[in-house]
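Pasting coords_18.pdb here (PDB, C-alpha atoms and all ligand atoms):
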ATOM      1  CA  MET A   1     -44.925   3.983 116.035  1.00  0.00           C
ATOM      2  CA  ILE A   2     -42.227   3.364 118.615  1.00  0.00           C
ATOM      3  CA  GLU A   3     -41.276   6.151 120.997  1.00  0.00           C
ATOM      4  CA  LEU A   4     -37.725   5.585 122.198  1.00  0.00           C
ATOM      5  CA  PHE A   5     -36.543   7.150 125.435  1.00  0.00           C
ATOM      6  CA  TYR A   6     -32.875   7.409 124.722  1.00  0.00           C
ATOM      7  CA  TRP A   7     -29.495   8.793 125.564  1.00  0.00           C
ATOM      8  CA  THR A   8     -26.248   8.385 123.660  1.00  0.00           C
ATOM      9  CA  THR A   9     -24.793   5.422 125.535  1.00  0.00           C
ATOM     10  CA  PRO A  10     -24.144   1.765 124.618  1.00  0.00           C
ATOM     11  CA  ASN A  11     -27.472   0.548 125.994  1.00  0.00           C
ATOM     12  CA  GLY A  12     -29.251   3.276 124.053  1.00  0.00           C
ATOM     13  CA  HIS A  13     -27.420   2.421 120.812  1.00  0.00           C
ATOM     14  CA  LYS A  14     -28.651  -1.183 120.965  1.00  0.00           C
ATOM     15  CA  VAL A  15     -32.200  -0.016 120.343  1.00  0.00           C
ATOM     16  CA  THR A  16     -31.483   2.575 117.640  1.00  0.00           C
ATOM     17  CA  ILE A  17     -29.500  -0.140 115.834  1.00  0.00           C
ATOM     18  CA  PHE A  18     -32.519  -2.458 115.912  1.00  0.00           C
ATOM     19  CA  LEU A  19     -34.959   0.243 114.827  1.00  0.00           C
ATOM     20  CA  GLU A  20     -32.710   1.322 111.958  1.00  0.00           C
ATOM     21  CA  GLU A  21     -32.055  -2.271 110.881  1.00  0.00           C
ATOM     22  CA  ALA A  22     -35.739  -3.196 110.916  1.00  0.00           C
ATOM     23  CA  GLU A  23     -36.769   0.165 109.394  1.00  0.00           C
ATOM     24  CA  VAL A  24     -39.405   0.612 112.052  1.00  0.00           C
ATOM     25  CA  GLU A  25     -41.010   4.041 112.351  1.00  0.00           C
ATOM     26  CA  TYR A  26     -39.761   5.628 115.556  1.00  0.00           C
ATOM     27  CA  ARG A  27     -39.191   8.911 117.288  1.00  0.00           C
ATOM     28  CA  ILE A  28     -36.613   9.664 119.922  1.00  0.00           C
ATOM     29  CA  THR A  29     -37.393  11.363 123.206  1.00  0.00           C
ATOM     30  CA  PRO A  30     -33.979  12.319 124.613  1.00  0.00           C
ATOM     31  CA  VAL A  31     -33.496  11.622 128.319  1.00  0.00           C
ATOM     32  CA  ASN A  32     -30.388  13.539 129.303  1.00  0.00           C
ATOM     33  CA  ILE A  33     -29.067  11.337 132.098  1.00  0.00           C
ATOM     34  CA  SER A  34     -26.233  13.812 132.735  1.00  0.00           C
ATOM     35  CA  GLU A  35     -28.835  16.357 133.826  1.00  0.00           C
ATOM     36  CA  GLY A  36     -30.990  13.995 135.902  1.00  0.00           C
ATOM     37  CA  ALA A  37     -33.832  13.637 133.365  1.00  0.00           C
ATOM     38  CA  GLN A  38     -34.025   9.936 134.285  1.00  0.00           C
ATOM     39  CA  PHE A  39     -35.679  10.948 137.566  1.00  0.00           C
ATOM     40  CA  ALA A  40     -38.599  12.790 135.985  1.00  0.00           C
ATOM     41  CA  PRO A  41     -41.841  11.169 137.179  1.00  0.00           C
ATOM     42  CA  ALA A  42     -43.118  10.695 133.612  1.00  0.00           C
ATOM     43  CA  PHE A  43     -39.972   8.733 132.723  1.00  0.00           C
ATOM     44  CA  LEU A  44     -40.006   6.713 135.944  1.00  0.00           C
ATOM     45  CA  ALA A  45     -43.576   5.681 135.126  1.00  0.00           C
ATOM     46  CA  ILE A  46     -42.234   3.666 132.197  1.00  0.00           C
ATOM     47  CA  SER A  47     -38.691   2.998 133.455  1.00  0.00           C
ATOM     48  CA  PRO A  48     -38.841   2.498 137.229  1.00  0.00           C
ATOM     49  CA  ASN A  49     -35.115   1.639 137.337  1.00  0.00           C
ATOM     50  CA  ASN A  50     -34.320   5.242 136.220  1.00  0.00           C
ATOM     51  CA  ARG A  51     -32.218   3.983 133.347  1.00  0.00           C
ATOM     52  CA  ILE A  52     -32.422   4.420 129.586  1.00  0.00           C
ATOM     53  CA  PRO A  53     -33.420   2.922 127.217  1.00  0.00           C
ATOM     54  CA  ALA A  54     -37.177   2.465 127.379  1.00  0.00           C
ATOM     55  CA  ILE A  55     -39.840   2.386 124.695  1.00  0.00           C
ATOM     56  CA  ILE A  56     -43.534   2.952 124.283  1.00  0.00           C
ATOM     57  CA  ASP A  57     -45.130   1.001 121.461  1.00  0.00           C
ATOM     58  CA  HIS A  58     -48.082   3.134 120.428  1.00  0.00           C
ATOM     59  CA  ALA A  59     -49.408   0.465 118.063  1.00  0.00           C
ATOM     60  CA  PRO A  60     -48.960  -2.888 119.804  1.00  0.00           C
ATOM     61  CA  ALA A  61     -49.731  -6.070 117.921  1.00  0.00           C
ATOM     62  CA  ASP A  62     -52.846  -6.814 120.001  1.00  0.00           C
ATOM     63  CA  GLY A  63     -54.419  -3.484 119.048  1.00  0.00           C
ATOM     64  CA  GLY A  64     -54.756  -2.511 122.719  1.00  0.00           C
ATOM     65  CA  ALA A  65     -53.393   0.343 124.813  1.00  0.00           C
ATOM     66  CA  PRO A  66     -49.762   1.422 124.304  1.00  0.00           C
ATOM     67  CA  VAL A  67     -47.153  -0.950 125.750  1.00  0.00           C
ATOM     68  CA  SER A  68     -44.054   0.330 127.535  1.00  0.00           C
ATOM     69  CA  VAL A  69     -40.870  -1.696 128.007  1.00  0.00           C
ATOM     70  CA  PHE A  70     -37.674  -0.962 129.944  1.00  0.00           C
ATOM     71  CA  GLU A  71     -34.361  -2.934 130.001  1.00  0.00           C
ATOM     72  CA  SER A  72     -32.535  -3.057 126.685  1.00  0.00           C
ATOM     73  CA  GLY A  73     -32.628  -6.868 126.429  1.00  0.00           C
ATOM     74  CA  ALA A  74     -36.390  -6.937 126.998  1.00  0.00           C
ATOM     75  CA  ILE A  75     -36.793  -4.139 124.440  1.00  0.00           C
ATOM     76  CA  LEU A  76     -34.782  -6.014 121.794  1.00  0.00           C
ATOM     77  CA  LEU A  77     -36.807  -9.157 122.433  1.00  0.00           C
ATOM     78  CA  TYR A  78     -40.099  -7.237 122.287  1.00  0.00           C
ATOM     79  CA  LEU A  79     -39.160  -5.539 119.026  1.00  0.00           C
ATOM     80  CA  ALA A  80     -37.876  -8.774 117.496  1.00  0.00           C
ATOM     81  CA  GLU A  81     -41.156 -10.482 118.322  1.00  0.00           C
ATOM     82  CA  LYS A  82     -43.186  -7.532 117.091  1.00  0.00           C
ATOM     83  CA  THR A  83     -41.423  -7.323 113.741  1.00  0.00           C
ATOM     84  CA  GLY A  84     -40.475 -10.968 113.226  1.00  0.00           C
ATOM     85  CA  ARG A  85     -36.901  -9.800 112.564  1.00  0.00           C
ATOM     86  CA  PHE A  86     -33.475 -10.735 113.990  1.00  0.00           C
ATOM     87  CA  LEU A  87     -34.715 -13.593 116.192  1.00  0.00           C
ATOM     88  CA  PRO A  88     -35.323 -16.949 114.532  1.00  0.00           C
ATOM     89  CA  ALA A  89     -38.556 -18.805 115.228  1.00  0.00           C
ATOM     90  CA  GLY A  90     -37.193 -22.367 115.496  1.00  0.00           C
ATOM     91  CA  LEU A  91     -36.670 -23.633 119.040  1.00  0.00           C
ATOM     92  CA  ARG A  92     -32.958 -24.400 118.716  1.00  0.00           C
ATOM     93  CA  ASP A  93     -31.960 -21.321 116.719  1.00  0.00           C
ATOM     94  CA  ARG A  94     -33.982 -19.086 118.995  1.00  0.00           C
ATOM     95  CA  VAL A  95     -32.410 -20.368 122.199  1.00  0.00           C
ATOM     96  CA  GLU A  96     -28.940 -19.816 120.698  1.00  0.00           C
ATOM     97  CA  VAL A  97     -29.758 -16.136 120.201  1.00  0.00           C
ATOM     98  CA  LEU A  98     -31.440 -15.759 123.579  1.00  0.00           C
ATOM     99  CA  GLN A  99     -28.609 -17.262 125.583  1.00  0.00           C
ATOM    100  CA  TRP A 100     -26.113 -14.883 123.964  1.00  0.00           C
ATOM    101  CA  LEU A 101     -28.466 -11.967 124.437  1.00  0.00           C
ATOM    102  CA  PHE A 102     -28.627 -12.804 128.146  1.00  0.00           C
ATOM    103  CA  TRP A 103     -24.844 -13.311 128.229  1.00  0.00           C
ATOM    104  CA  GLN A 104     -24.488  -9.732 127.059  1.00  0.00           C
ATOM    105  CA  MET A 105     -27.095  -8.440 129.500  1.00  0.00           C
ATOM    106  CA  GLY A 106     -25.698 -10.269 132.522  1.00  0.00           C
ATOM    107  CA  GLY A 107     -21.997 -10.303 131.629  1.00  0.00           C
ATOM    108  CA  LEU A 108     -20.470  -8.121 128.957  1.00  0.00           C
ATOM    109  CA  GLY A 109     -22.628  -5.039 129.653  1.00  0.00           C
ATOM    110  CA  PRO A 110     -22.354  -4.895 133.465  1.00  0.00           C
ATOM    111  CA  MET A 111     -18.669  -5.875 133.577  1.00  0.00           C
ATOM    112  CA  ALA A 112     -17.644  -3.423 130.850  1.00  0.00           C
ATOM    113  CA  GLY A 113     -19.723  -0.825 132.713  1.00  0.00           C
ATOM    114  CA  GLN A 114     -17.723  -1.413 135.896  1.00  0.00           C
ATOM    115  CA  ASN A 115     -14.537  -1.333 133.811  1.00  0.00           C
ATOM    116  CA  HIS A 116     -15.521   2.135 132.541  1.00  0.00           C
ATOM    117  CA  HIS A 117     -16.393   3.225 136.064  1.00  0.00           C
ATOM    118  CA  PHE A 118     -13.200   2.225 137.838  1.00  0.00           C
ATOM    119  CA  LYS A 119     -10.834   2.860 134.947  1.00  0.00           C
ATOM    120  CA  GLN A 120     -12.133   6.273 133.934  1.00  0.00           C
ATOM    121  CA  TYR A 121     -14.640   7.785 136.298  1.00  0.00           C
ATOM    122  CA  ALA A 122     -13.849   6.753 139.870  1.00  0.00           C
ATOM    123  CA  PRO A 123     -12.284   9.704 141.733  1.00  0.00           C
ATOM    124  CA  GLU A 124      -9.785   7.303 143.312  1.00  0.00           C
ATOM    125  CA  LYS A 125      -7.798   5.015 141.027  1.00  0.00           C
ATOM    126  CA  LEU A 126      -8.123   1.696 142.810  1.00  0.00           C
ATOM    127  CA  PRO A 127      -5.658  -0.763 141.237  1.00  0.00           C
ATOM    128  CA  TYR A 128      -7.498  -3.849 142.496  1.00  0.00           C
ATOM    129  CA  ALA A 129     -10.843  -2.708 141.060  1.00  0.00           C
ATOM    130  CA  ILE A 130      -9.318  -1.608 137.747  1.00  0.00           C
ATOM    131  CA  ASP A 131      -7.423  -4.877 137.380  1.00  0.00           C
ATOM    132  CA  ARG A 132     -10.467  -6.934 138.335  1.00  0.00           C
ATOM    133  CA  TYR A 133     -12.779  -5.347 135.746  1.00  0.00           C
ATOM    134  CA  VAL A 134     -10.239  -5.002 132.941  1.00  0.00           C
ATOM    135  CA  LYS A 135      -9.426  -8.703 133.386  1.00  0.00           C
ATOM    136  CA  GLU A 136     -13.087  -9.688 133.534  1.00  0.00           C
ATOM    137  CA  THR A 137     -13.862  -7.654 130.400  1.00  0.00           C
ATOM    138  CA  ALA A 138     -10.887  -9.324 128.689  1.00  0.00           C
ATOM    139  CA  ARG A 139     -12.194 -12.730 129.779  1.00  0.00           C
ATOM    140  CA  LEU A 140     -15.568 -11.932 128.195  1.00  0.00           C
ATOM    141  CA  TYR A 141     -13.882 -10.754 124.974  1.00  0.00           C
ATOM    142  CA  GLY A 142     -12.065 -14.105 124.983  1.00  0.00           C
ATOM    143  CA  VAL A 143     -15.383 -15.944 125.321  1.00  0.00           C
ATOM    144  CA  LEU A 144     -16.812 -13.931 122.429  1.00  0.00           C
ATOM    145  CA  ASP A 145     -13.691 -14.482 120.331  1.00  0.00           C
ATOM    146  CA  ARG A 146     -13.919 -18.255 120.748  1.00  0.00           C
ATOM    147  CA  ARG A 147     -17.627 -18.143 119.971  1.00  0.00           C
ATOM    148  CA  LEU A 148     -16.995 -16.230 116.756  1.00  0.00           C
ATOM    149  CA  ALA A 149     -14.302 -18.624 115.497  1.00  0.00           C
ATOM    150  CA  GLY A 150     -15.704 -19.967 112.209  1.00  0.00           C
ATOM    151  CA  ARG A 151     -18.936 -18.005 112.653  1.00  0.00           C
ATOM    152  CA  GLU A 152     -19.964 -14.810 110.917  1.00  0.00           C
ATOM    153  CA  PHE A 153     -22.257 -13.700 113.725  1.00  0.00           C
ATOM    154  CA  ILE A 154     -22.797 -14.638 117.358  1.00  0.00           C
ATOM    155  CA  ALA A 155     -25.749 -16.974 116.887  1.00  0.00           C
ATOM    156  CA  GLY A 156     -26.699 -17.948 113.336  1.00  0.00           C
ATOM    157  CA  ASP A 157     -27.693 -14.983 111.184  1.00  0.00           C
ATOM    158  CA  TYR A 158     -27.188 -11.395 112.331  1.00  0.00           C
ATOM    159  CA  SER A 159     -29.484 -11.070 115.349  1.00  0.00           C
ATOM    160  CA  ILE A 160     -30.384  -9.153 118.497  1.00  0.00           C
ATOM    161  CA  ALA A 161     -27.437 -10.918 120.193  1.00  0.00           C
ATOM    162  CA  ASP A 162     -25.055  -9.053 117.866  1.00  0.00           C
ATOM    163  CA  MET A 163     -26.943  -5.776 118.301  1.00  0.00           C
ATOM    164  CA  ALA A 164     -26.724  -6.083 122.090  1.00  0.00           C
ATOM    165  CA  SER A 165     -22.986  -6.816 122.125  1.00  0.00           C
ATOM    166  CA  TYR A 166     -21.633  -4.477 119.462  1.00  0.00           C
ATOM    167  CA  PRO A 167     -22.108  -1.154 121.328  1.00  0.00           C
ATOM    168  CA  TRP A 168     -20.166  -2.539 124.284  1.00  0.00           C
ATOM    169  CA  ILE A 169     -17.209  -3.436 122.050  1.00  0.00           C
ATOM    170  CA  VAL A 170     -17.109   0.044 120.473  1.00  0.00           C
ATOM    171  CA  PRO A 171     -15.281   1.522 123.519  1.00  0.00           C
ATOM    172  CA  HIS A 172     -12.661  -1.288 123.580  1.00  0.00           C
ATOM    173  CA  ARG A 173      -9.737   1.130 123.822  1.00  0.00           C
ATOM    174  CA  ARG A 174     -11.263   2.872 126.833  1.00  0.00           C
ATOM    175  CA  GLN A 175     -11.675  -0.587 128.358  1.00  0.00           C
ATOM    176  CA  GLY A 176      -7.913  -1.144 128.092  1.00  0.00           C
ATOM    177  CA  LEU A 177      -8.284  -3.792 125.352  1.00  0.00           C
ATOM    178  CA  ARG A 178      -6.967  -4.164 121.804  1.00  0.00           C
ATOM    179  CA  LEU A 179      -9.045  -5.796 119.105  1.00  0.00           C
ATOM    180  CA  GLU A 180      -5.823  -7.173 117.571  1.00  0.00           C
ATOM    181  CA  ASP A 181      -5.762  -9.565 120.524  1.00  0.00           C
ATOM    182  CA  PHE A 182      -9.221 -10.885 119.573  1.00  0.00           C
ATOM    183  CA  PRO A 183      -9.086 -11.486 115.796  1.00  0.00           C
ATOM    184  CA  ASN A 184     -12.553 -13.032 115.471  1.00  0.00           C
ATOM    185  CA  VAL A 185     -14.096 -10.179 117.450  1.00  0.00           C
ATOM    186  CA  ALA A 186     -12.160  -7.722 115.252  1.00  0.00           C
ATOM    187  CA  ARG A 187     -13.552  -9.246 112.031  1.00  0.00           C
ATOM    188  CA  TRP A 188     -17.118  -9.335 113.411  1.00  0.00           C
ATOM    189  CA  PHE A 189     -16.776  -5.781 114.736  1.00  0.00           C
ATOM    190  CA  ALA A 190     -15.640  -4.436 111.351  1.00  0.00           C
ATOM    191  CA  ALA A 191     -18.533  -6.191 109.588  1.00  0.00           C
ATOM    192  CA  ILE A 192     -21.130  -4.731 111.948  1.00  0.00           C
ATOM    193  CA  ARG A 193     -19.593  -1.267 111.935  1.00  0.00           C
ATOM    194  CA  ALA A 194     -19.869  -1.240 108.120  1.00  0.00           C
ATOM    195  CA  ARG A 195     -23.629  -1.900 108.155  1.00  0.00           C
ATOM    196  CA  PRO A 196     -25.543   1.163 106.907  1.00  0.00           C
ATOM    197  CA  ALA A 197     -28.170   0.813 109.662  1.00  0.00           C
ATOM    198  CA  VAL A 198     -25.475   0.808 112.343  1.00  0.00           C
ATOM    199  CA  GLN A 199     -23.951   3.920 110.833  1.00  0.00           C
ATOM    200  CA  ARG A 200     -27.373   5.593 110.784  1.00  0.00           C
ATOM    201  CA  ALA A 201     -27.900   4.664 114.440  1.00  0.00           C
ATOM    202  CA  TYR A 202     -24.633   6.296 115.496  1.00  0.00           C
ATOM    203  CA  ALA A 203     -25.375   9.320 113.295  1.00  0.00           C
ATOM    204  CA  ARG A 204     -28.642   9.774 115.231  1.00  0.00           C
ATOM    205  CA  ALA A 205     -26.596   9.762 118.431  1.00  0.00           C
ATOM    206  CA  ASP A 206     -24.362  12.526 117.083  1.00  0.00           C
ATOM    207  CA  GLU A 207     -27.426  14.607 116.215  1.00  0.00           C
ATOM    208  CA  ILE A 208     -28.678  14.355 119.794  1.00  0.00           C
ATOM    209  CA  ASN A 209     -25.541  14.778 121.877  1.00  0.00           C
ATOM    210  CA  ARG A 210     -21.858  15.149 121.200  1.00  0.00           C
ATOM    211  CA  VAL A 211     -20.582  15.823 124.697  1.00  0.00           C
ATOM    212  CA  PRO A 212     -19.438  13.167 127.185  1.00  0.00           C
ATOM    213  CA  THR A 213     -22.224  11.787 129.369  1.00  0.00           C
ATOM    214  CA  VAL A 214     -19.957  11.564 132.418  1.00  0.00           C
ATOM    215  CA  THR A 215     -18.452  14.865 133.538  1.00  0.00           C
ATOM    216  CA  GLU A 216     -17.413  16.123 136.966  1.00  0.00           C
ATOM    217  CA  ARG A 217     -20.876  17.601 137.434  1.00  0.00           C
ATOM    218  CA  SER A 218     -22.880  14.674 136.091  1.00  0.00           C
ATOM    219  CA  ALA A 219     -20.795  12.155 138.064  1.00  0.00           C
ATOM    220  CA  ALA A 220     -22.593  13.289 141.219  1.00  0.00           C
ATOM    221  CA  ILE A 221     -25.950  12.592 139.542  1.00  0.00           C
ATOM    222  CA  LEU A 222     -24.912   9.293 138.010  1.00  0.00           C
ATOM    223  CA  PHE A 223     -22.784   7.808 140.768  1.00  0.00           C
ATOM    224  CA  GLY A 224     -24.267   9.337 143.910  1.00  0.00           C
ATOM    225  CA  GLN A 225     -27.564   7.464 143.811  1.00  0.00           C
ATOM    226  CA  GLY A 226     -28.946   5.786 146.903  1.00  0.00           C
ATOM    227  CA  PRO A 227     -32.246   4.090 147.711  1.00  0.00           C
ATOM    228  CA  ASP A 228     -34.335   7.277 147.555  1.00  0.00           C
ATOM    229  CA  LEU A 229     -35.069   9.352 144.499  1.00  0.00           C
ATOM    230  CA  PRO A 230     -33.091  12.593 144.336  1.00  0.00           C
ATOM    231  CA  PRO A 231     -35.000  15.887 144.772  1.00  0.00           C
ATOM    232  CA  THR A 232     -35.329  16.370 140.977  1.00  0.00           C
ATOM    233  CA  GLY A 233     -37.580  13.301 140.902  1.00  0.00           C
ATOM    234  CA  THR A 234     -40.071  14.475 143.503  1.00  0.00           C
TER     235      THR A 234
HETATM  236  N1  LIG B 301     -29.673  -3.159 132.315  1.00  0.00           N
HETATM  237  C1  LIG B 301     -30.060  -1.871 131.797  1.00  0.00           C
HETATM  238  C2  LIG B 301     -28.961  -0.873 132.045  1.00  0.00           C
HETATM  239  C3  LIG B 301     -29.329   0.480 131.500  1.00  0.00           C
HETATM  240  C4  LIG B 301     -28.318   1.537 131.916  1.00  0.00           C
HETATM  241  O1  LIG B 301     -27.409   1.291 132.724  1.00  0.00           O
HETATM  242  N2  LIG B 301     -28.501   2.730 131.378  1.00  0.00           N
HETATM  243  C5  LIG B 301     -27.630   3.837 131.740  1.00  0.00           C
HETATM  244  C6  LIG B 301     -27.024   4.430 130.486  1.00  0.00           C
HETATM  245  S1  LIG B 301     -26.122   3.184 129.566  1.00  0.00           S
HETATM  246  C7  LIG B 301     -28.469   4.901 132.422  1.00  0.00           C
HETATM  247  O2  LIG B 301     -29.578   5.164 132.023  1.00  0.00           O
HETATM  248  N3  LIG B 301     -27.951   5.519 133.477  1.00  0.00           N
HETATM  249  C8  LIG B 301     -28.667   6.520 134.184  1.00  0.00           C
HETATM  250  C9  LIG B 301     -28.293   6.561 135.643  1.00  0.00           C
HETATM  251  O3  LIG B 301     -27.307   5.913 136.027  1.00  0.00           O
HETATM  252  O4  LIG B 301     -28.992   7.248 136.387  1.00  0.00           O
HETATM  253  C10 LIG B 301     -30.378  -2.005 130.315  1.00  0.00           C
HETATM  254  O5  LIG B 301     -29.684  -2.761 129.659  1.00  0.00           O
HETATM  255  O6  LIG B 301     -31.318  -1.339 129.823  1.00  0.00           O
END
Can you dump the structure from the file as structure tokens?
Amino acid sequence: MIELFYWTTPNGHKVTIFLEEAEVEYRITPVNISEGAQFAPAFLAISPNNRIPAIIDHAPADGGAPVSVFESGAILLYLAEKTGRFLPAGLRDRVEVLQWLFWQMGGLGPMAGQNHHFKQYAPEKLPYAIDRYVKETARLYGVLDRRLAGREFIAGDYSIADMASYPWIVPHRRQGLRLEDFPNVARWFAAIRARPAVQRAYARADEINRVPTVTERSAAILFGQGPDLPPTGT
């Protein structure tokens, strides 16, 4: 059984998509990052970066003690290896998936995250920062669009590379982008959105939380972090 420490954000959705697709038994432990639950010592013990998602695998393949994993890319890789699903075994096919998984983790996710921050949440609207991150997100959409030309999915069959990228394309309008400008991304996006497992994953999110994660109050918790843990974590 997989215990998923989760909140209703793109990085959280990556893991519910995998678990629903692979039909793995799991239970969700909500970590309300708007309220500072990410600083609870029990959560930090498995996710020292105070970020969701994280998992505990209570039945690891080696039969030993439970295994915990943080970082969504590492979680997807762990689950793919555990289940033998959504990551091909052959050297060349596997590296195709992994390089696009890491592209999402190092590029699309962080840049779209900064786009959201400066475009929507920053108390000052800084034109340079907004322009920089909207352009960089658009550049990454362009990379993905070219990659998807003549391909159904990002790397061979539907894989953890698609699952990692899709939740970061869902908020394209908030990112200042139009899918009409990226026709291959638009086709891929519609195909993934129609998958029953993806719909189940987003339905789970709606069951857990329907209010925005970033509000005036939670912005201080989410964007005021420095090197030390806040008082709620001590
Ligand atoms: N690289 C990390 C990023 C995770 C991340 O940024 N999680 C956000 C929600 S999407 C979070 O937990 N934020 C809590 C905070 O900022 O304190 C991953 O992919 O798992």
Subject >> Close residues, Ala164 in chain A itself excluded, 10 Å, only C-alpha atoms, min 5 positions apart in chain, as a list in words >> reply: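 Here the answer would be Pro10, Asn11, Gly12, His13, Lys14, Val15, Ile17, Phe18, Ser72, Gly73, Leu76, Trp100, Leu101, Phe102, Trp103, Gln104, Met105, Leu108, Gly109, Ser159 and Ile169 of chain A.
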**OP:** Write out as a list in words which residues come within 9 Å of Arg51 in chain A when counting only C-alpha atoms, dropping same-chain ones fewer than 3 positions away.
**Re:** Ile33, Gln38, Phe39, Leu44, Ser47, Pro48, Ala54, Phe70 and Glu71 of chain A
**OP:** Measuring atom to atom with only C-alpha atoms and all ligand atoms, identify which of A:Ala203, A:Leu98, A:Leu222, A:Ala149 is nearest to ligand LIG 301 (chain B).
**Re:**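 Among the listed residues, the smallest separation from ligand LIG 301 (chain B) belongs to A:Leu222.
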**OP:** Determine the residue set returned by the PyMOL selection byres (((chain A and resi 84) around 12) and not hetatm) for the present structure, and present it as number ranges by chain.
**Re:** A: 18, 22, 24, 61, 76-83, 85-89, 94, 159-160
Subject >> Contacts of Pro212 in chain A within 12 Å, all atoms listed in the file, excl. fewer than 5 positions in-chain, as an MDAnalysis selection string >> reply: chainID A and resid 7:9 32:35 121 205:206 217:219
Around all the atoms of ligand LIG 301 (chain B) listed in the file, with 5 Å of room on each side, what axis-aligned box do you get, giving centre and edge lengths in Å to one decimal, as AutoDock Vina command-line options?
--center_x -28.7 --center_y 2.0 --center_z 133.0 --size_x 15.2 --size_y 20.4 --size_z 16.8
**OP:** Write out as a list in words the residues lying within 12 Å of Ser68 in chain A, counting only C-alpha atoms and excluding same-chain residues fewer than 4 positions away.
**Re:**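 The residues that qualify are Ile2, Glu3, Leu4, Phe5, Phe43, Leu44, Ala45, Ile46, Ser47, Pro48, Pro53, Ala54, Ile55, Ile56, Asp57, His58, Ala59, Pro60, Ala74, Ile75, Tyr78 and Leu79 of chain A.
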Subject >> Residue with smallest distance to ligand LIG 301 (chain B) - pool A:Ile154, A:Leu229, A:Asp162, A:Ile208, counting only C-alpha atoms and all ligand atoms >> reply: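 Using only C-alpha atoms and all ligand atoms, ligand LIG 301 (chain B) sits closest to A:Leu229.
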Original post:
Given the choices A:Val170, A:Met1, A:Ala220, A:Ala155, which gets closest to ligand LIG 301 (chain B) if the distance is worked out from only C-alpha atoms and all ligand atoms?
Top reply: A:Ala220
Original post:
Which of these residues is nearest to Pro167 in chain A, using all atoms listed in the file: A:Asp145, A:Pro227, A:Phe189, A:Pro110?
Top reply: A:Phe189
**OP:** Would you please work out which residue, of A:Arg139, A:Val67, A:Ala191, A:Val214, is nearest to ligand LIG 301 (chain B) when using all atoms listed in the file?
**Re:** A:Val214
Subject >> Residue among A:Met111, A:Ile221, A:Leu177, A:Val97 lying closest to ligand LIG 301 (chain B), counting all atoms listed in the file >> reply: A:Ile221
Original post:
Can you tell me how far atom C1 of ligand LIG 301 (chain B) sits from CA of Ala138 in chain A, in Å to one decimal?
Top reply: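 We find that atom C1 of ligand LIG 301 (chain B) and CA of Ala138 in chain A lie 20.8 Å from each other.
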**OP:** Apply the PyMOL selection byres (((chain A and resi 123) around 12) and not hetatm) to the file shown and report the selected residues as a list in words.
**Re:**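 In the shown coordinates, the PyMOL selection byres (((chain A and resi 123) around 12) and not hetatm) covers His117, Phe118, Lys119, Gln120, Tyr121, Ala122, Glu124, Lys125, Leu126, Thr215, Glu216, Ala219, Ala220 and Phe223 of chain A.
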Original post:
Written as a PyMOL selection string, what is the full residue list that the PyMOL selection byres (((chain A and resi 134) around 12) and not hetatm) yields on the file shown?
Top reply: chain A and resi 108+111-120+127-133+135-141+172-178
